[in-house]
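Written below as structure tokens is the structure these notes are about.
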Amino acid sequence: MGRRDQVNVLGLTKKDYDGAPSTLCVGCGHNSIANQIQQIAWELGLPQHQVIKLSGIGCSSKSPAYFLGHSHGFNALHGRMPSVATGAVTANHSLIAIGVSGDGDTGSIGMGQFKHLIRRNVPMVYVVENNGVYGLTKGQFSATADQGQFNKYAGGINELTPIDLCFEAIISGCGFVARSFSGDKHQVQELLKAAVNYDGTALIDIISPCVTFNDHEGSSKSYAWVQEYNEVINDISFIPEQPEIMVNYQEGESISVKLHDGGIVHLTKLDKSYDPRDREAAITLLERYQDPDKIVTGLIYINEDKKTSTQILDLPETPLVHLAQSDLRPSREALADALNTFRM
Amino acid sequence: MGRRDQVNVLGLTKKDYDGAPSTLCVGCGHNSIANQIQQIAWELGLPQHQVIKLSGIGCSSKSPAYFLGHSHGFNALHGRMPSVATGAVTANHSLIAIGVSGDGDTGSIGMGQFKHLIRRNVPMVYVVENNGVYGLTKGQFSATADQGQFNKYAGGINELTPIDLCFEAIISGCGFVARSFSGDKHQVQELLKAAVNYDGTALIDIISPCVTFNDHEGSSKSYAWVQEYNEVINDISFIPEQPEIMVNYQEGESISVKLHDGGIVHLTKLDKSYDPRDREAAITLLERYQDPDKIVTGLIYINEDKKTSTQILDLPETPLVHLAQSDLRPSREALADALNTFRM
Amino acid sequence: MTITDVLERGPATGSPAVRVNDFSINVASPNGSGSQTSNMVIIRALFQMGIPVVGKNLFPSNIQGLPTWYIIRLSKEGYLARKEGTDILAAWNQQTLAQDVAELAPGSVVIYPLDWKQEISRDDLYIYRMPIKELMDTFDIPRELKSRVANMVYVGGVSYLLSIDLDAVEKALSYELHGKEKAVRLNKQVVQAAYDWAKANWSTKIPYRAEPMENSPVKGKFLAEGNAAAGLGAAFGGVSVVAWYPITPSTSLIDATRIFLKRYRHSSDGKPTYAVIQAEDELAALGIVVGAGWAGARAMTSTSGPGISLMAEFAGMGFFAEIPAVIWDVQRVGPSTGLPTRTSQGDVMFTHYLGHGDTKHICLFPASPAECFRFGWESFDIAERFQTPVFVLTDLDLGMNYWTSEDFEYPDKPLDRGKVVPAEDIKKPGDFYRFVDVDGDGITRRTLPGTDSPYAAYFARGTGHNKYGVYSERSDDWEENLQRIFRKIDGSRDKLPQPVVSRMDGAQVGIISYGSNEPAIVEARDMLAAQGISTDYLRLRALPAAHSVHEFIRSFDHVYVVENNLEGQMAQILRLDVPEKADRILSINKQDGLPLTAKFIVSKFLEMEG
Amino acid sequence: MTITDVLERGPATGSPAVRVNDFSINVASPNGSGSQTSNMVIIRALFQMGIPVVGKNLFPSNIQGLPTWYIIRLSKEGYLARKEGTDILAAWNQQTLAQDVAELAPGSVVIYPLDWKQEISRDDLYIYRMPIKELMDTFDIPRELKSRVANMVYVGGVSYLLSIDLDAVEKALSYELHGKEKAVRLNKQVVQAAYDWAKANWSTKIPYRAEPMENSPVKGKFLAEGNAAAGLGAAFGGVSVVAWYPITPSTSLIDATRIFLKRYRHSSDGKPTYAVIQAEDELAALGIVVGAGWAGARAMTSTSGPGISLMAEFAGMGFFAEIPAVIWDVQRVGPSTGLPTRTSQGDVMFTHYLGHGDTKHICLFPASPAECFRFGWESFDIAERFQTPVFVLTDLDLGMNYWTSEDFEYPDKPLDRGKVVPAEDIKKPGDFYRFVDVDGDGITRRTLPGTDSPYAAYFARGTGHNKYGVYSERSDDWEENLQRIFRKIDGSRDKLPQPVVSRMDGAQVGIISYGSNEPAIVEARDMLAAQGISTDYLRLRALPAAHSVHEFIRSFDHVYVVENNLEGQMAQILRLDVPEKADRILSINKQDGLPLTAKFIVSKFLEMEG
Ligand SMILES: Cc1ncc(C[n+]2csc(CCOP(=O)(O)OP(=O)(O)O)c2C)c(N)n1
Ligand SMILES: Cc1ncc(C[n+]2csc(CCOP(=O)(O)OP(=O)(O)O)c2C)c(N)n1
Ligand code: SF4
Ligand code: SF4
Ligand SMILES: [Mg+2]
Ligand SMILES: [Mg+2]
């Protein structure tokens, strides 16, 4: 955490990365995640004016207000953060975009936009604060609620197949797929750091218990349950800079993946046979962890080779928003030329 | 096909199952699929008044007008067939629902509804006439277009990851997942027959070339391409009735799956090791067939044990629409009782 | 300053005359603290005493911690609109204490915890303090319940100060806690202890008193939220498919629907005669309803502003494909996400015209729980009779606050399924065409899927079609069809719930309003009458407006349309209906998220009358 | 009947006077048969001859086979509105032959293939037949091209009958076929052969003739579709993010935008200075635009009715969160999916108020390709100046048909980015608050993400907020904020494209219209003037309407608002603007999917004038 007066590379204290005071429930997993975002932003020395925070609607989607108070934020519409993020990042690809959504926001109303954002590989961190319910509307089941779950606020038992957002992301072509737990601060932090440095859409599906509506005994999204059933697939640490490009992909006990910015994701394997660079393995893993009492966390899949939307759109280095009038308005001659195309 | 005057169990000729004349392009794959639907409806002796035909918007979504002219039809909104079908089937679960959609209709604008229909397991046949483009709006790429595809109408090369609708369906919990090719009439027919008899959402993703905008050389959705690269995973035949419940799951060369109505799906394995009742195997198969030049068709996954929406909603045997006033309007006493709940 | 000073202090200005059953109590508390039960106990106890009472819950769009105000108005005359100003403040929210106190008028009363350090410096108030922790420590209450039960302390304090009958409090507690004996006992004990403590420690008398009313205007009545009444109405209206997506303040309408369906709607084999589907979003919710309505079910959804926006495409299709559907819009403040927990009548115009192209929807405007119940079932008759989506526009104030209600009337007519043609009537081609206007009222006949006749089927679609239901791009087909639909909608004017008119002798001016403004208008008219100004009042209950609404407008030099939105939306619609009076249709309107008050209406009225 | 009878027949009634450059040609063909090129060749050849000419393409919502009519009007006076009736029918669609012929007035001309068996029994027509197969067989044309090239047969026939200059035809061919020599040669040969065949086989003369015009009113002008002009305008307006979803008739606007962007918008390093994103649907399209607008890009989308419905929620958010955006609505016939390939002005009201809650959007109404170009760039200035979504409402007729156009004017002012505060101006807390109305015009200052100052950031949201941009549920904050936004929109009236007024001496009555109705109004006014009726005409170009529009209305006893929708939507909006004249604002309107005609307007006008 660091002492209160400790400063980062920018000479800022962690407090300088404060947002507004949280209005979420005391103990809500979302608060912890907001804190971890603040923490890693400070640790990585992210310039706040270069960060944009985006969200939809929900308790989770409120959380961007509670970190990085000097960053621009956009609290969009329910389920529509992906499109707004796509627009913003396209307009200015020099920004560091952090999206925060909920399981209802992403898995229910937002399913279409979520899938298509990932298809485009818009470079951003996409955090889902996943609690299996609609917190803000008081506890209805969301699409990630496990089958057979009981919830009195939702009026009974959920009989529908849950949506697995990591599974959804990976088959849509996501190159950075992770699951975590708001109670595992270290893992959340390291995944966030890697995600911020990953070039492409980095999904982190974080189980984030709703203490008010879904933390009861038997809830597969409760603190107790996740603590009991969480299997950490790999121990991740992010090493921000590496003076020389000298990476050993030491297979075996650990794996290092170099990100395009120079940072390195170092993974100590807990399951020896698992390699998160192998998409088929990742998919099989996810398939094998479909039961509520099988929760796998860690970096599930990583692939640095996907073209991002910025690359696909072939955007100029200068972000579109910084182009000058001369770049934006063709000349009089161009108009004359264009008019000639209309003439026989 | 049967002679023109041949009649089915209902004493009807195939012509009696005619719809309006097609207004699709000559040679369009969708026309062939419409014909197969007509064919199997006739062969199975489906009572047309008990069938509903639903669709979204697109060339594909027009096709329900071209078969079963005596069935009620609903040509809904772009991407919204799933919700309309959910409502109709819930209102009257005795109907046989056949939905027809396009790859744009289902994979782009309709992604959210598609996924959630499948989660609910609404009993219906869901046919996607998949041509990789938006036919009706003149050839833009749809979300199922393969990466690297060139299409002059779409203005160039597609760089986005394609959406695999079978993959989407299976991870959303679909219990009947098939892929086919409009050029393979036999396969389309047998899959349709099995799907009509399957209790739950039965997805058939049929590659259905668009002769006008996407049948050129190099198009992975062209007749020639699919003919060349199509790997049929199993040879399916549907046996409508079986007097005794005497099914041998003869493993080995073939598999028989008994459907709840008594019909049997008989599969001759072409890939000996493949068992479409094994979800993990199906998922692995799909993952291994992600390249445009790897097209797998056949019944990819079947599972008869999933609760349908009708079961989850615990609907009465009498369809909701046939309930009498006495079932729909509680008594005066009930009102008095209800009012008492308001009183202290 | 002695300890007594701290516990209790009267205003420096001396005490005014006692006000009996005519004042307001404001309970300020943080959201999620469980104060709602305590507030309901107070309001129910007062109601039990025969005192007309209403509570307005101003809660935040959050689950825990943000400020909530619950404002209870007692009115012996039975005026149950919101009233500005607080007479008695139970200041149970430390965060807003200073501001809440600052807003009080001189002579008001504040009760607040002794546990807090804050002092109140104003010397023109009655100030009482209560030791929460000290009181609670005398009970053996499980930790997790403590903070909730602690709210009963102010119930005890307020009961003592106002002389609220403790038996009534007990009854209220029992109702609120669903008769769970242990809980009732525990809470009652806390109320009693707080009451006793207050009695022992406070001596000043305040000039406000709650007294039981003998010939009570609320006798035989009960308290109900419009949303609950609407849900009950739907259950009695034979709804069989409900599809919805959660959104404040509409969610509780569906919750109630489910509860009543579960209680009263099973078939002989014990199965539910309905389906409730939580959709993935509002587009799907209305899609499901439209699909079900087409198939012949009575189907409904309920939503609020953002959901209405998302339903635009399906609304237009339902209108054009002529599919019955019922859509409740429990209005909250927009545009956009706006203020999800504040009330508004801001969707009137948008909803009436919802959908691109020329579209006009039937809208109903209930003004009381009883009318929510009635429209709850009648909306289905209207939707099926006119084969069109019907929007019922209520709002957060009517939907989520507790209003005094008389008994709901049992439906006075059987289900009206409209022009549905059975198989028996369709023997040969030509016996049935979907869009042929046989009766000349613009309402054509329909069949349901499954009708056992080869000539019963038609294709429902949002694209152009002719009267035989066949796809058509012909200009004449389009014109004929759409004009007929508009004729149908226009023809509904005098067949929808008709306006309710209340007259006064010698009225020179008319007031038009609708929905939840009713109590404020009633009160405002009495206030005006007291000043010698007579008014006639028309309460609109449906759009398109009945011809009698037009007549009403024409019969005055000018009329005022009172409503809770920024642009005077209903006034605009009426101006279009009666263009020759357009500049004599004046708006009294406001949109600040709160229910309108009589005072606002009167002062605007007087200002505009000049 | 001899062979000559079959090839050619004159009307029994004798031949009337010759009409030069003042008649209509209707080409009926099946969709997807490639006739569009032939039709364009005819229209361009005529235009090349200096004849004012316009083509209206009535195509079906299908790709192949359904009937298409392409109606070419020649008007030496330069009236380029649609005109009812056909003088010359090239009946190239066997399916509709009978009906097409039945609708002809006596004395009309029909050309149709000799290859078909059908005979025409009417004896009051000129009838000509051409042997397609026979003619085509003389050429060595690849099979797949044959059916397309076959359409050149009627070009030859029509050219011969009307004496169209074959050099002009060749020029037209060359343009249409992008100068591809081989294709041009081949097609030219077919035209020539058909022409020669006609010359050899037909002898009767028809009373219609196309003659080159010396002092042509179209000199220096060109033909252009509004959608192409709009796309060019956007490219010159500095659009940098385009997000869209395909929908007829809007798709070609984006196609054009992409083409022109590709041609004219690269940075010095050769990279595109723009991004075009095909979104997954319209919700996402506007979401992307809103996100990009917030980030500081000039962003636009284009759609039609169904897309407008789907954009409702984001439109309301853009309005309330005050984010610049440009949305083109190329209107087609609604409600619902309606008639995707027919024209309409049916979205005016819905779009102006798009979004739940109180909302009011700025709308622009271009009436010509030149204005499409102008609004193409100016809409961004307006959107950024007023920090709000701007809707540009055009329609299929203007968007997809070829209109005669003068040169587009180069933008007469630099990009106006509005009140964007740079980092230099924000040195300390308080230097910047997002919603403080510093200038008193309701337009507050904004910053862009990335602005390098710790005090530059704010939170964009659709929920309630105060002037500092902080989340707020306070009533006063809500009122202040929303009232300011409405003040801003209201304040735009006189700063948007102002109405264009055309007066006549002694006019007693005013006509108001907008958009693509322009040519019909011009012609109608001349027709009325010929009858001695003078009219003044105001062409509205933006909503909210300028004060001068109100003045115009007030200056007449009554005005007519002419528009292409069922409910007279613009008339309704103006009635609300000028309530004291509401019953004197009369509607001349119609909605049948076709552009309005002068004849319709005149007859309605005369009927209503009584
Ligand atoms: C269009 C629309 N529909 C519904 C709502 C109401 N709503 C607000 S938050 C929410 C669900 C949020 O759930 P989730 O995303 O899981 O967030 P959580 O509160 O659980 O963190 C809903 C349905 C809305 N704001 N907008
Ligand atoms: C809301 C909406 N947006 C856009 C359209 C225009 N539109 C009609 S069909 C279509 C695409 C159809 O593609 P697909 O589903 O693949 O069907 P296909 O024509 O290829 O069979 C589109 C975008 C529409 N009708 N409605
Ligand atoms: S309701 Fe649940 S999700 Fe919302 S803030 Fe409280 S604990 Fe968190
Ligand atoms: S355009 Fe393509 S999809 Fe549409 S009908 Fe023609 S071939 Fe079929
Ligand atoms: Mg959630
Ligand atoms: Mg397609």
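Ligands are numbered from 1 in the order shown, residues from 1 within each chain, and chains are lettered A, B, ... in the order they appear in the structure tokens.
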task: Name the residues, by chain letter and number, that sit within 7 Å of ligand 2 using only C-alpha atoms and all ligand atoms, and give them as number ranges by chain.
output: B: 57-61, 77-78, 101-106, 129-137, 142; D: 245-248, 281-282, 306-307, 310, 337
Please produce a file of the residues just selected, as a tab-separated table (two decimals), in the first residue's frame, where the atoms kept are N, CA and C atoms.
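Once written, result_35.tsv looks like this:
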```
chain	number	residue	atom	x	y	z
B	57	ILE	N	-35.33	-9.23	-39.91
B	57	ILE	CA	-35.33	-8.47	-41.15
B	57	ILE	C	-34.06	-8.80	-41.93
B	58	GLY	N	-34.23	-8.99	-43.22
B	58	GLY	CA	-33.12	-9.33	-44.09
B	58	GLY	C	-33.67	-10.22	-45.20
B	59	CYS	N	-32.85	-10.54	-46.19
B	59	CYS	CA	-33.31	-11.47	-47.23
B	59	CYS	C	-33.73	-12.77	-46.57
B	60	SER	N	-32.87	-13.29	-45.70
B	60	SER	CA	-33.15	-14.53	-44.99
B	60	SER	C	-34.48	-14.43	-44.23
B	61	SER	N	-34.69	-13.31	-43.62
B	61	SER	CA	-35.89	-13.15	-42.80
B	61	SER	C	-37.15	-13.02	-43.65
B	77	LEU	N	-38.78	-7.43	-36.17
B	77	LEU	CA	-37.82	-6.35	-36.37
B	77	LEU	C	-36.42	-6.92	-36.54
B	78	HIS	N	-35.55	-6.09	-37.06
B	78	HIS	CA	-34.18	-6.54	-37.31
B	78	HIS	C	-33.50	-6.96	-35.99
B	101	SER	N	-33.50	-16.65	-39.45
B	101	SER	CA	-32.78	-15.39	-39.28
B	101	SER	C	-31.58	-15.37	-40.20
B	102	GLY	N	-30.91	-14.25	-40.21
B	102	GLY	CA	-29.69	-14.13	-41.01
B	102	GLY	C	-28.50	-13.94	-40.08
B	103	ASP	N	-27.34	-13.97	-40.66
B	103	ASP	CA	-26.13	-13.79	-39.86
B	103	ASP	C	-26.01	-12.37	-39.33
B	104	GLY	N	-26.50	-11.40	-40.12
B	104	GLY	CA	-26.52	-10.03	-39.62
B	104	GLY	C	-27.58	-9.90	-38.54
B	105	ASP	N	-28.72	-10.43	-38.85
B	105	ASP	CA	-29.86	-10.36	-37.94
B	105	ASP	C	-29.53	-11.00	-36.59
B	106	THR	N	-28.85	-12.12	-36.62
B	106	THR	CA	-28.55	-12.83	-35.38
B	106	THR	C	-27.20	-12.43	-34.79
B	129	GLU	N	-29.65	-18.47	-41.74
B	129	GLU	CA	-29.23	-18.56	-43.14
B	129	GLU	C	-28.01	-17.66	-43.29
B	130	ASN	N	-26.86	-18.28	-43.17
B	130	ASN	CA	-25.61	-17.57	-42.95
B	130	ASN	C	-24.83	-17.39	-44.25
B	131	ASN	N	-24.72	-16.13	-44.67
B	131	ASN	CA	-23.99	-15.87	-45.91
B	131	ASN	C	-22.82	-14.90	-45.74
B	132	GLY	N	-22.56	-14.51	-44.51
B	132	GLY	CA	-21.39	-13.67	-44.26
B	132	GLY	C	-21.55	-12.22	-44.65
B	133	VAL	N	-22.70	-11.89	-45.17
B	133	VAL	CA	-22.94	-10.50	-45.57
B	133	VAL	C	-24.37	-10.08	-45.20
B	134	TYR	N	-24.59	-8.81	-45.28
B	134	TYR	CA	-25.95	-8.27	-45.23
B	134	TYR	C	-26.46	-8.27	-46.66
B	135	GLY	N	-27.25	-9.26	-47.01
B	135	GLY	CA	-27.75	-9.30	-48.38
B	135	GLY	C	-28.65	-8.12	-48.69
B	136	LEU	N	-29.65	-7.95	-47.87
B	136	LEU	CA	-30.70	-6.98	-48.21
B	136	LEU	C	-30.20	-5.53	-48.28
B	137	THR	N	-29.14	-5.23	-47.54
B	137	THR	CA	-28.59	-3.86	-47.66
B	137	THR	C	-27.37	-3.83	-48.57
B	142	SER	N	-21.07	-9.09	-42.57
B	142	SER	CA	-21.75	-9.32	-41.30
B	142	SER	C	-20.72	-9.82	-40.31
D	245	TYR	N	-24.67	1.93	-39.17
D	245	TYR	CA	-25.18	0.59	-39.40
D	245	TYR	C	-25.99	0.67	-40.69
D	246	PRO	N	-25.82	-0.31	-41.57
D	246	PRO	CA	-26.47	-0.20	-42.89
D	246	PRO	C	-27.99	-0.12	-42.78
D	247	ILE	N	-28.57	0.77	-43.50
D	247	ILE	CA	-30.03	0.82	-43.62
D	247	ILE	C	-30.38	1.70	-44.82
D	248	THR	N	-31.29	1.21	-45.61
D	248	THR	CA	-31.80	1.97	-46.73
D	248	THR	C	-32.73	3.05	-46.20
D	281	ASP	N	-25.06	-2.28	-34.51
D	281	ASP	CA	-26.45	-1.83	-34.65
D	281	ASP	C	-26.47	-0.32	-34.43
D	282	GLU	N	-27.66	0.26	-34.43
D	282	GLU	CA	-27.75	1.71	-34.34
D	282	GLU	C	-27.51	2.23	-32.94
D	306	PRO	N	-36.10	3.26	-38.44
D	306	PRO	CA	-35.89	2.27	-37.38
D	306	PRO	C	-34.65	2.59	-36.55
D	307	GLY	N	-33.63	3.09	-37.20
D	307	GLY	CA	-32.42	3.47	-36.47
D	307	GLY	C	-32.68	4.64	-35.54
D	310	LEU	N	-34.13	3.36	-32.44
D	310	LEU	CA	-33.15	2.69	-31.60
D	310	LEU	C	-32.16	3.67	-30.97
D	337	THR	N	-40.97	-0.91	-39.91
D	337	THR	CA	-40.09	-1.12	-41.05
D	337	THR	C	-40.69	-0.45	-42.28
```
message: Using only C-alpha atoms, which protein or nucleic acid residues come within 12 Å of range 521-534 of chain D? Drop anything in the same chain fewer than 6 positions from it, and give the result as an NGL selection string.
response: :D and (75 or 77-83 or 367 or 501-515 or 560-563 or 588 or 595-606 or 609)
task: Please report as number ranges by chain which residues of chain C come no farther than 10 Å from chain A, using only C-alpha atoms.
output: C: 31-32, 61-66, 245-249, 251, 255, 258-259, 278-284, 306, 336-337
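Atom to atom, CA of His266 in chain B and CA of Ser237 in chain B stand 5.2 Å apart.
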- request: Identify, on the basis of only C-alpha atoms, every residue whose closest approach to range 111-117 of chain D does not exceed 6 Å; exclude the query and any residue fewer than 6 positions from it along the same chain; express the result as a ChimeraX atom specification.
  value: /D:90-91,128-131
- prompt: What lies within 12 Å of range 7-15 of chain B using only C-alpha atoms, ignoring chain neighbours under 2 positions off, as a PyMOL selection string?
  reply: (chain B and resi 1-5+17-21+35-48+66-70) or (chain C and resi 454)
- prompt: Could you write out as a list of chain:residue names the residues of chain A within 8 Å of chain B, counting only C-alpha atoms?
  reply: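 Result, ordered by chain then number: A:Ser108, A:Ile109, A:Gly110, A:Met111, A:Gly112, A:His116, A:Arg119, A:Arg120, A:Glu159, A:Leu160, A:Thr161, A:Pro162, A:Ile163, A:Phe167, A:Glu168, A:Ile171, A:Ser172, A:Gly173, A:Glu280, A:Ile283, A:Thr284, A:Glu287, A:Arg288, A:Ile312.
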Nearby residues (only C-alpha atoms) at most 9 Å from Ala460 in chain C, same-chain spacing under 5 positions excluded, as an MDAnalysis selection string: (chainID B and resid 72:76) or (chainID C and resid 294 321:323 469)
Test item, alpha helix (DSSP H) assignment across range 109-168 of chain C, answer as a PyMOL selection string: chain C and resi 132-137+143-150+152-162+166-168
Given the selection you just returned, output its residues as a file containing N, CA and C atoms, formatted as an mmCIF file, in the first residue's frame.
```cif
data_model
loop_
_atom_site.group_PDB
_atom_site.id
_atom_site.type_symbol
_atom_site.label_atom_id
_atom_site.label_comp_id
_atom_site.auth_asym_id
_atom_site.auth_seq_id
_atom_site.Cartn_x
_atom_site.Cartn_y
_atom_site.Cartn_z
ATOM 1 N N ILE C 132 -29.623 7.147 21.642
ATOM 2 C CA ILE C 132 -29.894 5.874 20.965
ATOM 3 C C ILE C 132 -29.137 4.721 21.616
ATOM 4 N N LYS C 133 -27.826 4.916 21.721
ATOM 5 C CA LYS C 133 -27.018 3.809 22.220
ATOM 6 C C LYS C 133 -27.463 3.402 23.614
ATOM 7 N N GLU C 134 -27.629 4.394 24.454
ATOM 8 C CA GLU C 134 -28.023 4.131 25.837
ATOM 9 C C GLU C 134 -29.322 3.322 25.882
ATOM 10 N N LEU C 135 -30.265 3.751 25.052
ATOM 11 C CA LEU C 135 -31.548 3.054 25.021
ATOM 12 C C LEU C 135 -31.399 1.633 24.479
ATOM 13 N N MET C 136 -30.640 1.518 23.416
ATOM 14 C CA MET C 136 -30.502 0.214 22.773
ATOM 15 C C MET C 136 -29.756 -0.765 23.680
ATOM 16 N N ASP C 137 -28.848 -0.233 24.473
ATOM 17 C CA ASP C 137 -28.044 -1.105 25.325
ATOM 18 C C ASP C 137 -28.886 -1.827 26.371
ATOM 19 N N ARG C 143 -26.623 -8.264 16.961
ATOM 20 C CA ARG C 143 -25.835 -7.170 16.401
ATOM 21 C C ARG C 143 -26.348 -6.681 15.036
ATOM 22 N N GLU C 144 -26.629 -7.656 14.174
ATOM 23 C CA GLU C 144 -26.988 -7.270 12.805
ATOM 24 C C GLU C 144 -28.349 -6.564 12.740
ATOM 25 N N LEU C 145 -29.151 -6.733 13.791
ATOM 26 C CA LEU C 145 -30.469 -6.087 13.794
ATOM 27 C C LEU C 145 -30.425 -4.708 14.424
ATOM 28 N N LYS C 146 -29.393 -4.505 15.205
ATOM 29 C CA LYS C 146 -29.348 -3.323 16.064
ATOM 30 C C LYS C 146 -29.654 -2.016 15.328
ATOM 31 N N SER C 147 -28.923 -1.810 14.242
ATOM 32 C CA SER C 147 -29.059 -0.493 13.606
ATOM 33 C C SER C 147 -30.471 -0.299 13.056
ATOM 34 N N ARG C 148 -31.100 -1.376 12.604
ATOM 35 C CA ARG C 148 -32.452 -1.244 12.065
ATOM 36 C C ARG C 148 -33.434 -0.920 13.190
ATOM 37 N N VAL C 149 -33.344 -1.708 14.236
ATOM 38 C CA VAL C 149 -34.266 -1.516 15.352
ATOM 39 C C VAL C 149 -34.077 -0.138 15.988
ATOM 40 N N ALA C 150 -32.846 0.376 15.905
ATOM 41 C CA ALA C 150 -32.563 1.679 16.506
ATOM 42 C C ALA C 150 -33.460 2.770 15.945
ATOM 43 N N MET C 152 -36.454 2.624 15.687
ATOM 44 C CA MET C 152 -37.702 2.673 16.434
ATOM 45 C C MET C 152 -37.632 3.722 17.551
ATOM 46 N N VAL C 153 -36.408 4.158 17.844
ATOM 47 C CA VAL C 153 -36.257 5.171 18.888
ATOM 48 C C VAL C 153 -37.017 6.433 18.502
ATOM 49 N N TYR C 154 -36.857 6.875 17.270
ATOM 50 C CA TYR C 154 -37.595 8.119 16.932
ATOM 51 C C TYR C 154 -39.086 7.882 16.857
ATOM 52 N N VAL C 155 -39.486 6.638 16.557
ATOM 53 C CA VAL C 155 -40.920 6.350 16.576
ATOM 54 C C VAL C 155 -41.458 6.603 17.976
ATOM 55 N N GLY C 156 -40.719 6.127 18.980
ATOM 56 C CA GLY C 156 -41.125 6.355 20.368
ATOM 57 C C GLY C 156 -41.151 7.839 20.703
ATOM 58 N N GLY C 157 -40.096 8.540 20.283
ATOM 59 C CA GLY C 157 -40.013 9.975 20.579
ATOM 60 C C GLY C 157 -41.141 10.754 19.934
ATOM 61 N N VAL C 158 -41.357 10.495 18.648
ATOM 62 C CA VAL C 158 -42.412 11.208 17.926
ATOM 63 C C VAL C 158 -43.779 10.857 18.525
ATOM 64 N N SER C 159 -43.969 9.581 18.864
ATOM 65 C CA SER C 159 -45.250 9.158 19.430
ATOM 66 C C SER C 159 -45.524 9.904 20.734
ATOM 67 N N TYR C 160 -44.494 10.023 21.509
ATOM 68 C CA TYR C 160 -44.700 10.738 22.777
ATOM 69 C C TYR C 160 -45.066 12.199 22.512
ATOM 70 N N LEU C 161 -44.278 12.845 21.692
ATOM 71 C CA LEU C 161 -44.468 14.282 21.465
ATOM 72 C C LEU C 161 -45.850 14.578 20.897
ATOM 73 N N LEU C 162 -46.302 13.712 19.980
ATOM 74 C CA LEU C 162 -47.567 13.986 19.290
ATOM 75 C C LEU C 162 -48.755 13.270 19.917
ATOM 76 N N LEU C 166 -50.201 4.288 21.299
ATOM 77 C CA LEU C 166 -49.227 3.194 21.204
ATOM 78 C C LEU C 166 -49.855 1.879 20.746
ATOM 79 N N ASP C 167 -51.144 1.742 20.962
ATOM 80 C CA ASP C 167 -51.814 0.546 20.433
ATOM 81 C C ASP C 167 -51.814 0.583 18.907
ATOM 82 N N ALA C 168 -52.069 1.768 18.402
ATOM 83 C CA ALA C 168 -52.030 1.942 16.944
ATOM 84 C C ALA C 168 -50.629 1.647 16.428
#
```
DSSP-assigned strand (DSSP E or B) among range 171-351 of chain C, expressed as a PyMOL selection string: chain C and resi 208-209+222-225+241-244+266+272+275-278+299-303+325-333+338-343
message: Which residues are close to range 16-19 of chain C, i.e. within 9 Å by only C-alpha atoms, leaving aside same-chain residues fewer than 3 positions away? Reply as a count of residues only.
response: 9
task: Find the residues around range 211-226 of chain D up to 10 Å (only C-alpha atoms counted), leave out those fewer than 6 positions away in its own chain, and share them as an MDAnalysis selection string.
output: (chainID A and resid 339:344) or (chainID D and resid 20:21 43:44 46:54 76:78 162:165 232 252:253 256 330 366:373 394:407 516)
